[in-house]
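As structure tokens, the structure follows; a few thoughts come after it.
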Amino acid sequence: MTFLKRRRPVKGTEEHPRQQEDEQPKDKSRSGPTAIKHAALVVGGFLGLFLGLVTSVYVTTLHENDLWFSSIQEVEREISFRTECGLYYSYYKQMLQAPTIIQGLKELMYDNRTESRRTINLLKRMNIYQEVFLSILYRILSLQNYLEPVYFYVYTVFGLQALYVISLYMTSWLLSGTWISGALAALWYILNRPDTTRVEFTIPLRENWSLPFFALQIMAITYYLRPQLKPFQQRLSLSLIVASTFLFCITWQFNQFILLIQAVALFSLDCLNMVPASKKNLKCGTFAIRVAKLMLHLIVVLSLTILTNNIIKRILGLESDEHIFKFLKAKFGFGATRDFDAKLYLCEEAFGLLPHDTFQRLLHTLILPLYLLVLVVTLIVAVIVAIGNLGNCSTPFQNLPVKEEKVIVMRPDVAYNLMHNVLFGLLALSTMRMKYLWTSHVCMVSSAAICSHHFWSLNLKAIRLYSPQWVRAVRFAVPILICIYLYREFWPKVMAELSDLREFYDPDTVELMNWINMNTSRDAVFAGSMQLLAGIKLCTGRTITNHPHYEDKKLRDRTKQIYQIYSKRPPDEVYRILRLYGTNYIVVEDSICYERRHSRGCRLRDLLDIANGHVMDGSGENDPDLKTSPYPRFCDEIKSTAPPYSTYFSRVFKNKTFHVYRLKKKKEMH
């Protein structure tokens with residue numbers, strides 16, 4: 001990946017050295033038979049496909065074993081799509097139930113069941129193009145007699161895992177020059193599954209659709225930055241970059257933040273002159289002049305970015321991402337906040353710092369110590385190269401003096417993946433949910449480095465043990481020893497995991513969904529928690545007041561109002577709020593009303609109390625300006641079925657987990 005070598009004078013200007021360590025002059029004695037090279041390509045290609053398919057089958061088997069998915073009821077299968085996953089899958093189901101494709105699309109574009117008393121364009125608001133495409137494909141292929149709709153959906157998502165692993169495999173192969181590194185990257189990805197993916201239990205989640213395309217895009221960029229590409233190869237790689245970026249963008253609502261970080265990585269390489277001159281370049285000058293231009297460049301770009309962003313938001317009246325910036329501001333210590341939406345994110349473990357047990361698991365598979373070694377070595381080389389570039393008009397891949405000299409260079413594709421990995425590593429450390437962007441890339445980068453001729457050449461030269469024989473031996477011995485260790489340590493665990501058979505069991509939720517289907521009208525409107533309402537929409541098709549797709553200002557305001565059923569507000573006020581959104585039934589959950597999962601200050605009822613200016617329940621400190629509410633907690637007091645609560649609400653269903661109350665009409669109150 002990085003290397004230290006002697007360079008001979010090159011005629012004219014080129015982007016890269018004519019020969020790299022792995023690309024010696026082409027004589028018969030060193031190039032080897034062409035047939036052997038072709039055989040290696042074929043073997044490596046088939047192995048990549050095989051490992052991708054193995055990963056897909058592996059996560060499919062785990063999903064089946066954990067839920068006994070093939071034997072449970074349809075309602076249980078749908079309930080297994082928790083929180084926002086159920087919301088996304090409901091649109092796939094809705095498209096299949098529509099009389100025609102055109103009618104289904106029309107219902108999505110003029111939807112009034114996802115947010116009661118509000119018509120929204122779901123294709124515009126949500127990233128559900130994949131559900132639309134899949135439902136149309138299922139209809140066109142006439143698969144009704146061969147495969148249930150849910151399996152077509154599930155198998156498609158698990159099939160994308162094959163694309164994910166194959167992309168990581170190929171990127172590692174491109175960086176190292178050997179398919180052995182790709183095999184090790186795939187193996188690490190599988191064995192570090194708790195930290196590289198959560199696809200087997202969050203199937204419809206947007207990241208499970210988008211990250212395979214993101215990995216494909218990284219592979220295409222890595223190939224594009226390789227030396228001496230022919231025009232056709234450049235056009236092909238650019239086309240793949242455009243296609244994969246497009247698919248990534250339409251399948252995940254947070255794509256803009258990810259692409260922003262990726263743009264920062266590419267912009268940094270451009271500023272430090274670490275990409276080929278024909279693709280990007282920084283102006284020439286002395287070291288001081290170039291540093292000054294670099295700083296000016298940074299200031300101008302950042303200022304224009306912030307200015308353009310604010311202008312566009314003001315013109316279009318966009319407020320969809322304001323909660324993200326409030327969350328980031330509070331998370332990084334720029335002032336405390338009482339904002340309900342920001343604290344809702346801050347109190348979730350997924351948006352906290354990366355926990356220590358992640359590093360323990362990565363250490364167990366040996367990837368962490370090797371990654372740290374790779375990171376330190378490549379960062380040192382990158383700093384040396386960057387300083388050298390700023391002091392020299394030509395890139396390290398352009399002309400050198402006639403006299404041979406020792407130089408340290410870093411290939412553009414290596415520099416890009418290093419910068420990409422560092423930036424996404426910082427993101428993962430700060431926000432646990434983002435670790436899936438980083439850990440899979442760690443598997444790829446680490447395997448590519450320890451299988452790289454250049455990496456070991458540099459390290460062995462640093463300790464004065466360099467020889468071609470030593471480099472060749474270490475380059476292949478290390479990954480083989482790692483594979484032997486991983487086999488001995490994890491094969492029994494994988495077999496035990498595959499033989500662990502469980503069954504989905506949630507009788508209370510099943511009972512609730514069946515009761516709703518049998519005892520309420522199709523036009524009934526339900527209010528409750530975002531997570532539960534997504535399941536109600538999927539399993540019953542009833543209209544809901546709010547949902548977990550939180551990227552809309554009006555929806556966030558609506559959710560805060562609906563959640564007053566867990567606050568200390570009078571029954572008449574809660575009734576008025578619910579009727580404002582056309583609510584017929586509310587579902588109160590004991591797990592929220594008496595929540596113990598979060599600590600004091602992060603329970604949902606605490607967030608509502610703080611936002612309403614009320615002191616929190618339980619012993620502990622409160623801000624001095626918070627006051628005691630004159631009313632008891634609504635979700636607890638409504639269970640008494642006594643006035644004044646019985647004046648507005650009547651209980652119609654109850655089990656150990658859920659309490660359903662019907663809102664009385666005005667004529668019933670007298």
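As shown in the structure tokens, the chain order sets the letters A, B, ...; within each chain, residues go from 1, and ligands are also counted from 1 in the order they appear.
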For segment 207-216 of chain A: contacts at 7 Å, only C-alpha atoms, fewer than 4 positions along chain excluded, given as a PyMOL selection string: chain A and resi 157+160-161+163-164+167-168+199+203+220+244-245+247-248+251-252
Save the residues we just selected, N, CA, C and O atoms, as a PDB file, in the first residue's frame?
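Listing of part22.pdb after writing:
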```
ATOM      1  N   VAL A 157     -32.833  -8.387   0.399  1.00  0.00           N
ATOM      2  CA  VAL A 157     -31.946  -7.663   1.314  1.00  0.00           C
ATOM      3  C   VAL A 157     -30.740  -8.521   1.685  1.00  0.00           C
ATOM      4  O   VAL A 157     -29.601  -8.036   1.700  1.00  0.00           O
ATOM      5  N   LEU A 160     -28.239  -8.601  -1.053  1.00  0.00           N
ATOM      6  CA  LEU A 160     -27.374  -7.426  -1.131  1.00  0.00           C
ATOM      7  C   LEU A 160     -26.138  -7.568  -0.247  1.00  0.00           C
ATOM      8  O   LEU A 160     -25.121  -6.911  -0.493  1.00  0.00           O
ATOM      9  N   GLN A 161     -26.225  -8.416   0.772  1.00  0.00           N
ATOM     10  CA  GLN A 161     -25.042  -8.671   1.591  1.00  0.00           C
ATOM     11  C   GLN A 161     -23.938  -9.329   0.769  1.00  0.00           C
ATOM     12  O   GLN A 161     -22.752  -9.119   1.027  1.00  0.00           O
ATOM     13  N   LEU A 163     -23.382  -8.640  -2.390  1.00  0.00           N
ATOM     14  CA  LEU A 163     -22.776  -7.508  -3.095  1.00  0.00           C
ATOM     15  C   LEU A 163     -21.843  -6.739  -2.163  1.00  0.00           C
ATOM     16  O   LEU A 163     -20.758  -6.302  -2.577  1.00  0.00           O
ATOM     17  N   TYR A 164     -22.262  -6.564  -0.916  1.00  0.00           N
ATOM     18  CA  TYR A 164     -21.454  -5.855   0.080  1.00  0.00           C
ATOM     19  C   TYR A 164     -20.094  -6.526   0.248  1.00  0.00           C
ATOM     20  O   TYR A 164     -19.036  -5.894   0.131  1.00  0.00           O
ATOM     21  N   SER A 167     -17.841  -6.435  -2.844  1.00  0.00           N
ATOM     22  CA  SER A 167     -17.240  -5.107  -3.019  1.00  0.00           C
ATOM     23  C   SER A 167     -16.049  -4.916  -2.086  1.00  0.00           C
ATOM     24  O   SER A 167     -15.002  -4.389  -2.496  1.00  0.00           O
ATOM     25  N   LEU A 168     -16.196  -5.328  -0.823  1.00  0.00           N
ATOM     26  CA  LEU A 168     -15.069  -5.247   0.112  1.00  0.00           C
ATOM     27  C   LEU A 168     -13.918  -6.125  -0.352  1.00  0.00           C
ATOM     28  O   LEU A 168     -12.742  -5.742  -0.279  1.00  0.00           O
ATOM     29  N   VAL A 199     -28.048  -6.667   9.863  1.00  0.00           N
ATOM     30  CA  VAL A 199     -29.056  -6.925   8.839  1.00  0.00           C
ATOM     31  C   VAL A 199     -30.011  -8.039   9.237  1.00  0.00           C
ATOM     32  O   VAL A 199     -31.197  -8.003   8.886  1.00  0.00           O
ATOM     33  N   ILE A 203     -34.012  -6.000   9.007  1.00  0.00           N
ATOM     34  CA  ILE A 203     -33.940  -6.211   7.557  1.00  0.00           C
ATOM     35  C   ILE A 203     -34.331  -4.987   6.734  1.00  0.00           C
ATOM     36  O   ILE A 203     -33.559  -4.534   5.886  1.00  0.00           O
ATOM     37  N   ALA A 220     -15.301   1.394  -6.712  1.00  0.00           N
ATOM     38  CA  ALA A 220     -15.169   2.089  -8.000  1.00  0.00           C
ATOM     39  C   ALA A 220     -14.210   3.278  -7.892  1.00  0.00           C
ATOM     40  O   ALA A 220     -13.399   3.517  -8.798  1.00  0.00           O
ATOM     41  N   SER A 244     -23.585   3.791  -8.570  1.00  0.00           N
ATOM     42  CA  SER A 244     -23.609   3.354  -7.171  1.00  0.00           C
ATOM     43  C   SER A 244     -23.942   4.504  -6.229  1.00  0.00           C
ATOM     44  O   SER A 244     -24.654   4.317  -5.236  1.00  0.00           O
ATOM     45  N   THR A 245     -23.443   5.713  -6.536  1.00  0.00           N
ATOM     46  CA  THR A 245     -23.774   6.877  -5.706  1.00  0.00           C
ATOM     47  C   THR A 245     -25.261   7.195  -5.793  1.00  0.00           C
ATOM     48  O   THR A 245     -25.904   7.517  -4.777  1.00  0.00           O
ATOM     49  N   LEU A 247     -27.732   5.060  -6.424  1.00  0.00           N
ATOM     50  CA  LEU A 247     -28.462   4.036  -5.675  1.00  0.00           C
ATOM     51  C   LEU A 247     -28.299   4.227  -4.170  1.00  0.00           C
ATOM     52  O   LEU A 247     -29.239   4.006  -3.397  1.00  0.00           O
ATOM     53  N   PHE A 248     -27.115   4.643  -3.755  1.00  0.00           N
ATOM     54  CA  PHE A 248     -26.883   4.910  -2.335  1.00  0.00           C
ATOM     55  C   PHE A 248     -27.753   6.070  -1.852  1.00  0.00           C
ATOM     56  O   PHE A 248     -28.335   6.014  -0.762  1.00  0.00           O
ATOM     57  N   THR A 251     -31.620   5.310  -1.416  1.00  0.00           N
ATOM     58  CA  THR A 251     -31.993   4.254  -0.478  1.00  0.00           C
ATOM     59  C   THR A 251     -31.741   4.602   0.983  1.00  0.00           C
ATOM     60  O   THR A 251     -32.011   3.786   1.863  1.00  0.00           O
ATOM     61  N   TRP A 252     -31.220   5.810   1.278  1.00  0.00           N
ATOM     62  CA  TRP A 252     -30.961   6.171   2.675  1.00  0.00           C
ATOM     63  C   TRP A 252     -31.151   7.670   2.857  1.00  0.00           C
ATOM     64  O   TRP A 252     -30.547   8.471   2.139  1.00  0.00           O
TER      65      TRP A 252
END
```
Secondary structure check, alpha helix (DSSP H) residues of segment 29-276 of chain A, as a ChimeraX atom specification: /A:29-31,34-67,74-79,84-97,101-109,122-125,129-140,149-176,179-191,193-196,206-224,231-250,255-271
Nearby residues (only C-alpha atoms) at most 9 Å from Leu187 of chain A, same-chain spacing under 4 positions excluded, as a PyMOL selection string: chain A and resi 51+182-183+191-192+443+483+486
Spatial neighbours of Tyr88 of chain A, 8 Å, only C-alpha atoms, chain gap at least 3 places, as a list in words: Glu84, Cys85, Tyr91, Tyr92, Ile128, Glu131, Pro204 and Leu205 of chain A
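Across A:Ile610, A:Val442, A:Val275, A:Leu304, the tightest approach to Leu362 of chain A is made by A:Val442 when counting only C-alpha atoms.
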